[in-house]
Amino acid sequence: MSAAPFHLAWFLQGSSIQAWGEQWSGNISEEWMSAEMFLDLARSIERACFDYLLIEDSIYIGQNWQNSRDMFLRNGMSVPRQEPSVIAALMAAATSRLGIVPTLSTFAYHPYLTARIVGTLDQVSGGRAGWNMVTGSSDYSGQNFGLDRLPEHDTRYEMAAEYIDVVTRLWDSWEPGAIVADRKTGVLIDPARVHTIDFKGEYYASRGPLNSGPCPQGRPVIAQAGGSAKGRETAARYADTVVAHPKGVQAMKDYRQDVRMRMRAAGRDPDSCKVLFMATPVLANTDEEAQARAAQRGVATTEEVHRRLAQMGWTTNIDFSGYDLDAPVGELTTNGHQSSLANFLKKAGGRTLREAILAYTSHGGSVDLVGTPETVAAQMDEAMQEVGGDGFLLVLPNVSRKTVTEVTDGLVPALQQRGLVRRAYAHKQFRDNLLEF
Ligand SMILES: Cc1cc2nc3c(=O)[nH]c(=O)nc-3n(C[C@H](O)[C@H](O)[C@H](O)COP(=O)(O)O)c2cc1C
């Protein structure tokens with residue numbers, strides 16, 4: 001018996017110089033500005049009938065290693081990266097069914113601007129826009145917007161709840177049918193069906209109505225990624241899809257059940273939000289070859305260990321450069337991604353820092369997926385049967401046309417043969433496809 005059909009989405013870690021220095025990445029260091037490789041990615045995953053492409057974002061250059069940007073700049077770690085809403089618009093033009101989800105951080109865009117950008121994207125894409133709602137997690141990013149530091153973790157989520165309220169009210173400021181376009185009377189828009197929102201909250205205020213007009217989906221799709229209790233609470237109240245990275249099948253199951261329970265408590269139908277789990281499949285022609293590839297990630301020079309720790313520092317706001325690589329990890333706290341740090345500490349156990357980062361980074365995603373396309377399809381099937389749904393968010397550390405093809409033309413057909421993912425889109429709009437099963 002197979003799992004019920006599930007959803008696939010793609011996590012693009014910024015429109016950037018991906019796979020720099022990797023094999024098969026073409027002339028990416030010269031061609032990245034045109035975003036052509038990422039538009040090809042969007043076209044390819046649409047051919048494979050993915051639900052959506054989520055464009056991750058952060059708005060600063062890392063400085064979490066020796067209090068310097070050198071490590072990040074020299075190695076092109078999360079830099080350069082382009083404004084996601086611009087890339088999203090290009091992707092919308094390059095596709096016709098795929099959901100497009102740019103990340104817009106609450107501290108960096110006023111809610112009116114987010115409602116307008118995502119609303120416009122929904123219009124030009126024919127109802128395929130989403131918004132990845134993130135609160136940001138680094139003071140460096142806050143400093144690019146004149147803030148000394150970001151608000152505290154839990155306050156950020158309280159602000160986010162109010163922020164989403166403003167955004168959704170603005171989307172609702174146009175009643176359905178407000179554009180009457182009556183040539184006889186000469187009336188384009190019925191003023192009685194367009195409303196101010198006159199919102200004055202604790203953190204945000206906006207008059208409205210939204211001047212960009214109504215959205216084809218009414219409200220575009222909201223994606224959410226916070227894994228802490230506050231993060232899940234926010235997801236349960238507002239999200240149409242949650243992207244998450246708990247480690248292991250049991251943790252995935254618990255996470256999903258927790259979100260569903262919180263949704264019921266908030267008076268929502270749990271099936272109206274799809275929880276997708278991060279996964280990094282390692283694919284090859286044979287299982288042995290794939291296992292050898294995966295094992296390679298657990299072996300690294302000290303220089304590479306430093307790079308991985310700097311990347312970990314980027315998500316947790318911790319500068320690990322002063323820590324002894326060969327001493328146990330010990331206690332750590334963060335005002336950044338709490339769930340990422342919790343996962344890391346769980347993995348660390350009694351390990352040294354070097355061992356812990358190798359163990360943590362050599363197994364990307366929620367569950368290990370290693371083998372031929374058929375083997376990995378079977379592993380995904382088994383995990384989904386156990387977890388109960390709703391699908392996976394695929395992320396590759398080395399996006400290239402070759403690695404994308406391994407997924408779209410190897411893994412996806414193997415999943416389709418098992419009846420696990422769709423072979424054709426049933427609907428034109430994003431949310432309708434997301435709710436199809
Ligand atoms: C799959 C996934 C994607 C994420 N994408 C982004 C992103 O694009 N930008 C960002 O600032 N944070 C991103 N985050 C971080 C989350 O918004 C959140 O800060 C993080 O999961 C920690 O949440 P917590 O503090 O509630 O545990 C992502 C997290 C996950 C798991």
# chains A, B, ... in the order shown; residues from 1 in each chain; ligands from 1
>>> residues_around(residues="stretch 278-285 of chain A", least_positions_apart="6", cutoff="8 Å", atoms="only C-alpha atoms", output="JSON, numbers by chain")
{"A": [243, 244, 245, 291, 293, 294, 364, 365, 366, 367, 368, 369, 370, 371, 372, 373, 376, 392, 393, 394, 395, 396, 397, 406, 407]}
>>> residues_around(residues="A:Leu309", least_positions_apart="4", cutoff="7 Å", atoms="only C-alpha atoms", output="PyMOL selection string")
chain A and resi 305+313+320+357
>>> residues_near_ligand(ligand="ligand 1", cutoff="6 Å", atoms="only C-alpha atoms and all ligand atoms", output="list in words")
Glu56, Asp57, Ser58, Thr103, Val134, Gly136, Ser137, Ala225, Gly226, Gly227, Ser228, Gly231, Val243, Ala244, His245, Met278, His337, Gln338 and Ser339 of chain A
>>> residues_around(residues="A:Ser173", least_positions_apart="6", cutoff="6 Å", atoms="only C-alpha atoms", output="PDB file with C-alpha atoms, in the first residue's frame")
ATOM      1  CA  VAL A 194     -14.088  49.366  -1.952  1.00  0.00           C
ATOM      2  CA  HIS A 195     -13.381  50.137   1.718  1.00  0.00           C
ATOM      3  CA  PRO A 209      -8.054  50.580   0.632  1.00  0.00           C
TER       4      PRO A 209
END
>>> closest_residue(among="A:Leu113, A:Met252, A:Leu104, A:Leu39", to="A:Met91", atoms="only C-alpha atoms")
A:Leu39
